[in-house]
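Structure first, then comments.
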Amino acid sequence: MRCHRCHAPANVEIRRSRIAFCARCYPDWFRAQVQERIDHDRMFRRDQRVLVAVSGGKDSLALWHTLMRLGYRADGLYVRLGIGEYSRRSQAKAEGFANRHGLLLHQVDLEADHGFVVPDLVEARSGKPCAACGTVKRYHFNKVAAELGYDVVATGHNLDDEAATLFGNLVHWNGEYLARQLPVLESTHPGFVRKVKPLYRLSERETAAYALVERIDYILEECPMAKGAKSLAYKDMLNCLEEQQPGAKYRFLVGFLKQGRSVLPAAAPEAADVRRCSRCGQPTTAELCAYCRMADRGRRKHETKDRKYGRTPVGP
Ligand code: AMP
Ligand code: FES
Ligand code: ZN
């Protein structure tokens with residue numbers, strides 16, 4: 001195949017569109033796709049400050065790189081989740097990227113600042129901490145953005161992530177989650193910062209190719225706690241389908257956003273009685289927010305481990 005733009009021999013094929021690009025033209029195509037989504041979905045403007053949640057993986061670093069190259073004011077946020085060597089290596093990738101490009105990276109350290117780590121949050125039913133970890137991450141993305149005055153939080157969720165989430169929500173008929181599955185989540189309350197996913201129409205393969213061509217140094221391994229997670233099974237299934245029907249993943253997600261959402265019952269309106277958590281001040285509908293309740297459980301578990309292994313307890 002030849003490059004769609006310059007007709008040189010192609011290196012990256014976009015199967016769903018039946019086009020391909022050489023390594024020189026591909027990054028421009030990728031950035032143009034992201035720019036088009038930011039503008040079309042009104043994610044943010046050039047005069048706004050963006051906080052990019054970076055995990056050290058290819059998607060979030062490719063997103064940060066893209067926003068930098070497109071001229072946006074984008075700083076990073078890395079949350080130290082305390083998942084052993086995996087967290088240390090991903091932190092090093094996030095820091096390395098920020099240093100190399102002279103970008104500002106904020107960090108939250110769960111163990112040092114909050115007295116627990118994600119492995120303390122393993123749930124009895126699933127045997128995994130992934131759902132709780134999602135709550136922890138979203139809490140800190142919002143808190144840091146609100147406290148430091150960012151207009152928007154951007155995450156690196158790609159087409160594969162979003163299609164797998166959609167598939168899972170359909171398998172389990174999670175109507176409430178389906179109604180909220182959007183590439184832009186508006187701020188519904190002064191304490192909630194809007195959330196956007198600028199890569200939601202680009203596949204994992206396409207972001208990996210961007211990271212490779214732009215020589216972004218990212219962590220290759222997946223989170224060890226996610227092994228056997230349902231989301232990975234959904235991704236595998238969708239990849240099998242994609243193999244036989246190029247573009248199926250894209251049509252599944254984009255079709256849902258364009259048409260499927262309209263047949264859903266309207267999302268339940270945000271509860272009107274949003275107030276401040278009595279401990280941390282973040283918006284919540286309860287006296288104590290879900291994060292603070294979870295953190296209490298995590299700290300208790302952490303302290304038990306400390307006693308068992310003779311470590312000094314940490315925490316606020
Ligand atoms: P995941 O939930 O691991 O699939 O990650 C989805 C998105 O959340 C990533 O693309 C990042 O934008 C963000 N993210 C994941 N882990 C972290 C972390 N430790 N610190 C900051 N952002 C993260
Ligand atoms: Fe949260 Fe793996 S990154 S459990
Ligand atoms: Zn709280």
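Lettering and numbering for the structure tokens are positional, with chains as A, B, ... in the shown order, residues counted from 1 in each chain, and ligands counted from 1 in the shown order.
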
Skip Trp29 in chain A itself and residues of its chain fewer than 5 positions away, then list as a PDB file with N, CA, C and O atoms, in the first residue's frame all residues within 12 Å of it, counting only C-alpha atoms.
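Written out: result-v2.pdb:
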ATOM      1  N   CYS A   3       1.192   5.570   0.829  1.00  0.00           N
ATOM      2  CA  CYS A   3       0.716   6.586   1.764  1.00  0.00           C
ATOM      3  C   CYS A   3      -0.388   7.411   1.093  1.00  0.00           C
ATOM      4  O   CYS A   3      -0.229   7.877  -0.040  1.00  0.00           O
ATOM      5  N   HIS A   4      -1.484   7.593   1.824  1.00  0.00           N
ATOM      6  CA  HIS A   4      -2.644   8.323   1.337  1.00  0.00           C
ATOM      7  C   HIS A   4      -2.289   9.777   0.980  1.00  0.00           C
ATOM      8  O   HIS A   4      -2.909  10.389   0.128  1.00  0.00           O
ATOM      9  N   ARG A   5      -1.233  10.290   1.655  1.00  0.00           N
ATOM     10  CA  ARG A   5      -0.904  11.705   1.460  1.00  0.00           C
ATOM     11  C   ARG A   5       0.235  11.927   0.479  1.00  0.00           C
ATOM     12  O   ARG A   5       0.135  12.739  -0.419  1.00  0.00           O
ATOM     13  N   VAL A  12       1.671   2.434   8.210  1.00  0.00           N
ATOM     14  CA  VAL A  12       0.547   2.239   9.135  1.00  0.00           C
ATOM     15  C   VAL A  12      -0.753   2.195   8.334  1.00  0.00           C
ATOM     16  O   VAL A  12      -1.075   3.142   7.618  1.00  0.00           O
ATOM     17  N   GLU A  13      -1.465   1.082   8.510  1.00  0.00           N
ATOM     18  CA  GLU A  13      -2.717   0.950   7.773  1.00  0.00           C
ATOM     19  C   GLU A  13      -3.907   1.235   8.691  1.00  0.00           C
ATOM     20  O   GLU A  13      -3.954   0.759   9.832  1.00  0.00           O
ATOM     21  N   ILE A  14      -4.854   2.037   8.203  1.00  0.00           N
ATOM     22  CA  ILE A  14      -6.092   2.285   8.959  1.00  0.00           C
ATOM     23  C   ILE A  14      -7.164   1.446   8.261  1.00  0.00           C
ATOM     24  O   ILE A  14      -7.785   1.882   7.289  1.00  0.00           O
ATOM     25  N   ILE A  19      -7.277   3.143   4.291  1.00  0.00           N
ATOM     26  CA  ILE A  19      -6.188   4.041   3.896  1.00  0.00           C
ATOM     27  C   ILE A  19      -4.955   3.670   4.705  1.00  0.00           C
ATOM     28  O   ILE A  19      -5.049   2.931   5.693  1.00  0.00           O
ATOM     29  N   ALA A  20      -3.811   4.215   4.286  1.00  0.00           N
ATOM     30  CA  ALA A  20      -2.562   3.939   4.997  1.00  0.00           C
ATOM     31  C   ALA A  20      -1.670   5.170   4.888  1.00  0.00           C
ATOM     32  O   ALA A  20      -1.895   6.039   4.032  1.00  0.00           O
ATOM     33  N   PHE A  21      -0.697   5.242   5.803  1.00  0.00           N
ATOM     34  CA  PHE A  21       0.220   6.388   5.813  1.00  0.00           C
ATOM     35  C   PHE A  21       1.649   5.917   5.996  1.00  0.00           C
ATOM     36  O   PHE A  21       1.893   4.871   6.600  1.00  0.00           O
ATOM     37  N   CYS A  22       2.582   6.732   5.518  1.00  0.00           N
ATOM     38  CA  CYS A  22       3.987   6.459   5.817  1.00  0.00           C
ATOM     39  C   CYS A  22       4.271   7.029   7.206  1.00  0.00           C
ATOM     40  O   CYS A  22       3.466   7.794   7.744  1.00  0.00           O
ATOM     41  N   ALA A  23       5.427   6.672   7.768  1.00  0.00           N
ATOM     42  CA  ALA A  23       5.739   7.097   9.136  1.00  0.00           C
ATOM     43  C   ALA A  23       5.867   8.620   9.247  1.00  0.00           C
ATOM     44  O   ALA A  23       5.664   9.185  10.309  1.00  0.00           O
ATOM     45  N   ARG A  24       6.181   9.285   8.146  1.00  0.00           N
ATOM     46  CA  ARG A  24       6.314  10.758   8.207  1.00  0.00           C
ATOM     47  C   ARG A  24       4.952  11.449   8.225  1.00  0.00           C
ATOM     48  O   ARG A  24       4.768  12.464   8.884  1.00  0.00           O
ATOM     49  N   VAL A  34      -7.440  14.047  16.284  1.00  0.00           N
ATOM     50  CA  VAL A  34      -7.688  14.494  17.664  1.00  0.00           C
ATOM     51  C   VAL A  34      -8.236  15.922  17.648  1.00  0.00           C
ATOM     52  O   VAL A  34      -9.228  16.233  18.321  1.00  0.00           O
ATOM     53  N   GLN A  35      -7.620  16.770  16.830  1.00  0.00           N
ATOM     54  CA  GLN A  35      -8.081  18.169  16.735  1.00  0.00           C
ATOM     55  C   GLN A  35      -9.549  18.223  16.295  1.00  0.00           C
ATOM     56  O   GLN A  35     -10.348  18.992  16.830  1.00  0.00           O
ATOM     57  N   GLU A  36      -9.868  17.388  15.332  1.00  0.00           N
ATOM     58  CA  GLU A  36     -11.234  17.379  14.808  1.00  0.00           C
ATOM     59  C   GLU A  36     -12.242  17.005  15.914  1.00  0.00           C
ATOM     60  O   GLU A  36     -13.302  17.607  16.031  1.00  0.00           O
ATOM     61  N   THR A  66       0.296  14.818  21.826  1.00  0.00           N
ATOM     62  CA  THR A  66      -0.535  15.416  20.767  1.00  0.00           C
ATOM     63  C   THR A  66      -0.991  16.821  21.171  1.00  0.00           C
ATOM     64  O   THR A  66      -0.903  17.767  20.373  1.00  0.00           O
ATOM     65  N   LEU A 202     -10.064   6.751  18.244  1.00  0.00           N
ATOM     66  CA  LEU A 202      -8.814   6.178  17.721  1.00  0.00           C
ATOM     67  C   LEU A 202      -8.526   4.868  18.444  1.00  0.00           C
ATOM     68  O   LEU A 202      -8.645   4.788  19.666  1.00  0.00           O
ATOM     69  N   GLU A 206      -3.825   2.333  16.723  1.00  0.00           N
ATOM     70  CA  GLU A 206      -3.473   3.643  16.163  1.00  0.00           C
ATOM     71  C   GLU A 206      -2.701   4.502  17.166  1.00  0.00           C
ATOM     72  O   GLU A 206      -1.762   5.190  16.783  1.00  0.00           O
ATOM     73  N   THR A 207      -3.070   4.436  18.457  1.00  0.00           N
ATOM     74  CA  THR A 207      -2.285   5.218  19.436  1.00  0.00           C
ATOM     75  C   THR A 207      -0.920   4.568  19.628  1.00  0.00           C
ATOM     76  O   THR A 207       0.080   5.265  19.782  1.00  0.00           O
ATOM     77  N   ALA A 209       0.781   3.035  17.363  1.00  0.00           N
ATOM     78  CA  ALA A 209       1.591   3.422  16.191  1.00  0.00           C
ATOM     79  C   ALA A 209       2.085   4.860  16.341  1.00  0.00           C
ATOM     80  O   ALA A 209       3.232   5.170  16.020  1.00  0.00           O
ATOM     81  N   TYR A 210       1.244   5.730  16.880  1.00  0.00           N
ATOM     82  CA  TYR A 210       1.649   7.130  17.094  1.00  0.00           C
ATOM     83  C   TYR A 210       2.817   7.186  18.096  1.00  0.00           C
ATOM     84  O   TYR A 210       3.825   7.865  17.870  1.00  0.00           O
TER      85      TYR A 210
END

Test item: residues no farther than 8 Å from ligand 3, counting only C-alpha atoms and all ligand atoms, as an MDAnalysis selection string: chainID A and resid 276:284 288:293

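A distance cut-off of 6 Å from ligand 2, applied to only C-alpha atoms and all ligand atoms, picks out the residues A:Pro129, A:Cys130, A:Cys133, A:Cys223, A:Met225, A:Ala226.
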
Env. residues ligand 1 / 10 Å / only C-alpha atoms and all ligand atoms / as a ChimeraX atom specification: /A:51-64,76-83,87,90-91,94,106-109,130-131,133-138,140-141,153-158,160-162,196-197,199,222-223,226,231

For the atom pair CA of Phe252 in chain A and CA of Leu238 in chain A, what is the interatomic distance in Å to one decimal place?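 For CA of Phe252 in chain A relative to CA of Leu238 in chain A, the distance reads 9.7 Å.
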
For Gln181 in chain A, work out the shell of residues within 12 Å, counting only C-alpha atoms and skipping chain neighbours fewer than 2 positions away, then give it as a PDB file with N, CA, C and O atoms, in the first residue's frame.
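In the end it all went to around.pdb:
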ATOM      1  N   HIS A 157      -8.530   7.428  27.333  1.00  0.00           N
ATOM      2  CA  HIS A 157      -9.414   6.333  26.882  1.00  0.00           C
ATOM      3  C   HIS A 157      -9.505   6.328  25.357  1.00  0.00           C
ATOM      4  O   HIS A 157      -9.811   7.348  24.747  1.00  0.00           O
ATOM      5  N   ASP A 161     -11.031   0.873  24.565  1.00  0.00           N
ATOM      6  CA  ASP A 161     -11.523   0.998  25.956  1.00  0.00           C
ATOM      7  C   ASP A 161     -13.014   1.290  25.961  1.00  0.00           C
ATOM      8  O   ASP A 161     -13.782   0.676  26.705  1.00  0.00           O
ATOM      9  N   GLU A 162     -13.408   2.244  25.134  1.00  0.00           N
ATOM     10  CA  GLU A 162     -14.798   2.696  25.154  1.00  0.00           C
ATOM     11  C   GLU A 162     -15.749   1.624  24.600  1.00  0.00           C
ATOM     12  O   GLU A 162     -16.848   1.432  25.112  1.00  0.00           O
ATOM     13  N   ALA A 163     -15.298   0.928  23.539  1.00  0.00           N
ATOM     14  CA  ALA A 163     -16.144  -0.128  22.967  1.00  0.00           C
ATOM     15  C   ALA A 163     -16.280  -1.272  23.968  1.00  0.00           C
ATOM     16  O   ALA A 163     -17.368  -1.849  24.125  1.00  0.00           O
ATOM     17  N   ALA A 164     -15.195  -1.607  24.679  1.00  0.00           N
ATOM     18  CA  ALA A 164     -15.260  -2.697  25.667  1.00  0.00           C
ATOM     19  C   ALA A 164     -16.175  -2.308  26.826  1.00  0.00           C
ATOM     20  O   ALA A 164     -16.959  -3.136  27.309  1.00  0.00           O
ATOM     21  N   THR A 165     -16.108  -1.057  27.262  1.00  0.00           N
ATOM     22  CA  THR A 165     -16.990  -0.595  28.341  1.00  0.00           C
ATOM     23  C   THR A 165     -18.445  -0.659  27.893  1.00  0.00           C
ATOM     24  O   THR A 165     -19.327  -1.118  28.626  1.00  0.00           O
ATOM     25  N   LEU A 166     -18.684  -0.216  26.662  1.00  0.00           N
ATOM     26  CA  LEU A 166     -20.050  -0.255  26.129  1.00  0.00           C
ATOM     27  C   LEU A 166     -20.559  -1.694  26.077  1.00  0.00           C
ATOM     28  O   LEU A 166     -21.683  -1.993  26.489  1.00  0.00           O
ATOM     29  N   PHE A 167     -19.707  -2.584  25.592  1.00  0.00           N
ATOM     30  CA  PHE A 167     -20.090  -3.990  25.489  1.00  0.00           C
ATOM     31  C   PHE A 167     -20.460  -4.543  26.873  1.00  0.00           C
ATOM     32  O   PHE A 167     -21.493  -5.181  27.053  1.00  0.00           O
ATOM     33  N   GLY A 168     -19.607  -4.256  27.862  1.00  0.00           N
ATOM     34  CA  GLY A 168     -19.859  -4.723  29.237  1.00  0.00           C
ATOM     35  C   GLY A 168     -21.154  -4.155  29.788  1.00  0.00           C
ATOM     36  O   GLY A 168     -21.942  -4.872  30.416  1.00  0.00           O
ATOM     37  N   ASN A 169     -21.397  -2.884  29.526  1.00  0.00           N
ATOM     38  CA  ASN A 169     -22.631  -2.271  30.029  1.00  0.00           C
ATOM     39  C   ASN A 169     -23.867  -2.856  29.355  1.00  0.00           C
ATOM     40  O   ASN A 169     -24.935  -2.934  29.961  1.00  0.00           O
ATOM     41  N   LEU A 170     -23.706  -3.307  28.111  1.00  0.00           N
ATOM     42  CA  LEU A 170     -24.828  -3.943  27.423  1.00  0.00           C
ATOM     43  C   LEU A 170     -25.047  -5.365  27.940  1.00  0.00           C
ATOM     44  O   LEU A 170     -26.173  -5.779  28.184  1.00  0.00           O
ATOM     45  N   ASN A 174     -26.540  -2.311  32.158  1.00  0.00           N
ATOM     46  CA  ASN A 174     -26.365  -1.238  33.143  1.00  0.00           C
ATOM     47  C   ASN A 174     -26.890   0.062  32.556  1.00  0.00           C
ATOM     48  O   ASN A 174     -26.132   0.861  32.005  1.00  0.00           O
ATOM     49  N   GLY A 175     -28.207   0.257  32.645  1.00  0.00           N
ATOM     50  CA  GLY A 175     -28.833   1.421  32.013  1.00  0.00           C
ATOM     51  C   GLY A 175     -28.237   2.736  32.475  1.00  0.00           C
ATOM     52  O   GLY A 175     -27.978   3.637  31.674  1.00  0.00           O
ATOM     53  N   GLU A 176     -27.973   2.814  33.758  1.00  0.00           N
ATOM     54  CA  GLU A 176     -27.459   4.073  34.332  1.00  0.00           C
ATOM     55  C   GLU A 176     -26.079   4.415  33.737  1.00  0.00           C
ATOM     56  O   GLU A 176     -25.808   5.536  33.361  1.00  0.00           O
ATOM     57  N   TYR A 177     -25.220   3.389  33.629  1.00  0.00           N
ATOM     58  CA  TYR A 177     -23.882   3.621  33.072  1.00  0.00           C
ATOM     59  C   TYR A 177     -23.961   3.925  31.582  1.00  0.00           C
ATOM     60  O   TYR A 177     -23.211   4.739  31.058  1.00  0.00           O
ATOM     61  N   LEU A 178     -24.875   3.211  30.894  1.00  0.00           N
ATOM     62  CA  LEU A 178     -25.013   3.446  29.447  1.00  0.00           C
ATOM     63  C   LEU A 178     -25.363   4.905  29.185  1.00  0.00           C
ATOM     64  O   LEU A 178     -24.817   5.545  28.286  1.00  0.00           O
ATOM     65  N   ALA A 179     -26.272   5.414  30.007  1.00  0.00           N
ATOM     66  CA  ALA A 179     -26.726   6.790  29.804  1.00  0.00           C
ATOM     67  C   ALA A 179     -25.582   7.781  30.017  1.00  0.00           C
ATOM     68  O   ALA A 179     -25.592   8.874  29.476  1.00  0.00           O
ATOM     69  N   PRO A 183     -18.240  10.908  25.445  1.00  0.00           N
ATOM     70  CA  PRO A 183     -16.855  11.395  25.357  1.00  0.00           C
ATOM     71  C   PRO A 183     -16.647  12.735  26.077  1.00  0.00           C
ATOM     72  O   PRO A 183     -15.520  13.132  26.334  1.00  0.00           O
ATOM     73  N   VAL A 184     -17.750  13.412  26.400  1.00  0.00           N
ATOM     74  CA  VAL A 184     -17.647  14.663  27.166  1.00  0.00           C
ATOM     75  C   VAL A 184     -18.648  14.586  28.305  1.00  0.00           C
ATOM     76  O   VAL A 184     -19.837  14.387  28.069  1.00  0.00           O
ATOM     77  N   LEU A 185     -18.155  14.688  29.520  1.00  0.00           N
ATOM     78  CA  LEU A 185     -19.060  14.745  30.670  1.00  0.00           C
ATOM     79  C   LEU A 185     -19.039  16.165  31.197  1.00  0.00           C
ATOM     80  O   LEU A 185     -18.014  16.634  31.712  1.00  0.00           O
ATOM     81  N   GLU A 186     -20.157  16.837  31.035  1.00  0.00           N
ATOM     82  CA  GLU A 186     -20.224  18.245  31.439  1.00  0.00           C
ATOM     83  C   GLU A 186     -20.146  18.371  32.955  1.00  0.00           C
ATOM     84  O   GLU A 186     -20.535  17.447  33.674  1.00  0.00           O
ATOM     85  N   LYS A 195     -15.047  16.400  32.034  1.00  0.00           N
ATOM     86  CA  LYS A 195     -14.120  15.321  31.671  1.00  0.00           C
ATOM     87  C   LYS A 195     -14.255  15.048  30.181  1.00  0.00           C
ATOM     88  O   LYS A 195     -15.383  14.987  29.687  1.00  0.00           O
ATOM     89  N   VAL A 196     -13.131  14.869  29.517  1.00  0.00           N
ATOM     90  CA  VAL A 196     -13.180  14.595  28.077  1.00  0.00           C
ATOM     91  C   VAL A 196     -12.231  13.452  27.707  1.00  0.00           C
ATOM     92  O   VAL A 196     -11.243  13.209  28.390  1.00  0.00           O
ATOM     93  N   LYS A 197     -12.554  12.800  26.580  1.00  0.00           N
ATOM     94  CA  LYS A 197     -11.744  11.668  26.103  1.00  0.00           C
ATOM     95  C   LYS A 197     -11.400  11.918  24.631  1.00  0.00           C
ATOM     96  O   LYS A 197     -12.054  11.364  23.738  1.00  0.00           O
ATOM     97  N   TYR A 200     -11.221   8.967  21.849  1.00  0.00           N
ATOM     98  CA  TYR A 200     -12.225   7.904  21.897  1.00  0.00           C
ATOM     99  C   TYR A 200     -12.561   7.294  20.542  1.00  0.00           C
ATOM    100  O   TYR A 200     -13.138   6.222  20.490  1.00  0.00           O
ATOM    101  N   LEU A 253     -19.321   1.601  18.600  1.00  0.00           N
ATOM    102  CA  LEU A 253     -19.282   2.721  19.552  1.00  0.00           C
ATOM    103  C   LEU A 253     -19.924   3.980  18.981  1.00  0.00           C
ATOM    104  O   LEU A 253     -20.790   4.593  19.618  1.00  0.00           O
ATOM    105  N   VAL A 254     -19.509   4.346  17.775  1.00  0.00           N
ATOM    106  CA  VAL A 254     -20.000   5.612  17.218  1.00  0.00           C
ATOM    107  C   VAL A 254     -21.496   5.501  16.910  1.00  0.00           C
ATOM    108  O   VAL A 254     -22.261   6.447  17.111  1.00  0.00           O
ATOM    109  N   PHE A 256     -23.608   3.733  18.604  1.00  0.00           N
ATOM    110  CA  PHE A 256     -24.294   3.886  19.897  1.00  0.00           C
ATOM    111  C   PHE A 256     -24.399   5.368  20.267  1.00  0.00           C
ATOM    112  O   PHE A 256     -25.465   5.843  20.677  1.00  0.00           O
ATOM    113  N   LEU A 257     -23.300   6.090  20.116  1.00  0.00           N
ATOM    114  CA  LEU A 257     -23.316   7.503  20.527  1.00  0.00           C
ATOM    115  C   LEU A 257     -24.280   8.316  19.666  1.00  0.00           C
ATOM    116  O   LEU A 257     -24.959   9.209  20.149  1.00  0.00           O
ATOM    117  N   LYS A 258     -24.342   7.949  18.359  1.00  0.00           N
ATOM    118  CA  LYS A 258     -25.194   8.728  17.451  1.00  0.00           C
ATOM    119  C   LYS A 258     -26.657   8.312  17.531  1.00  0.00           C
ATOM    120  O   LYS A 258     -27.544   9.137  17.460  1.00  0.00           O
ATOM    121  N   GLY A 260     -27.886   4.916  19.299  1.00  0.00           N
ATOM    122  CA  GLY A 260     -28.318   4.059  20.405  1.00  0.00           C
ATOM    123  C   GLY A 260     -28.719   4.854  21.621  1.00  0.00           C
ATOM    124  O   GLY A 260     -29.684   4.530  22.313  1.00  0.00           O
ATOM    125  N   ARG A 261     -27.992   5.936  21.893  1.00  0.00           N
ATOM    126  CA  ARG A 261     -28.279   6.715  23.099  1.00  0.00           C
ATOM    127  C   ARG A 261     -29.693   7.287  23.078  1.00  0.00           C
ATOM    128  O   ARG A 261     -30.309   7.449  24.122  1.00  0.00           O
ATOM    129  N   LEU A 264     -32.395   5.308  24.739  1.00  0.00           N
ATOM    130  CA  LEU A 264     -32.271   5.038  26.179  1.00  0.00           C
ATOM    131  C   LEU A 264     -33.165   5.983  26.965  1.00  0.00           C
ATOM    132  O   LEU A 264     -33.375   7.123  26.546  1.00  0.00           O
ATOM    133  N   ALA A 267     -30.882   9.949  31.310  1.00  0.00           N
ATOM    134  CA  ALA A 267     -30.097   9.680  32.518  1.00  0.00           C
ATOM    135  C   ALA A 267     -30.790  10.339  33.699  1.00  0.00           C
ATOM    136  O   ALA A 267     -31.352  11.422  33.558  1.00  0.00           O
TER     137      ALA A 267
END
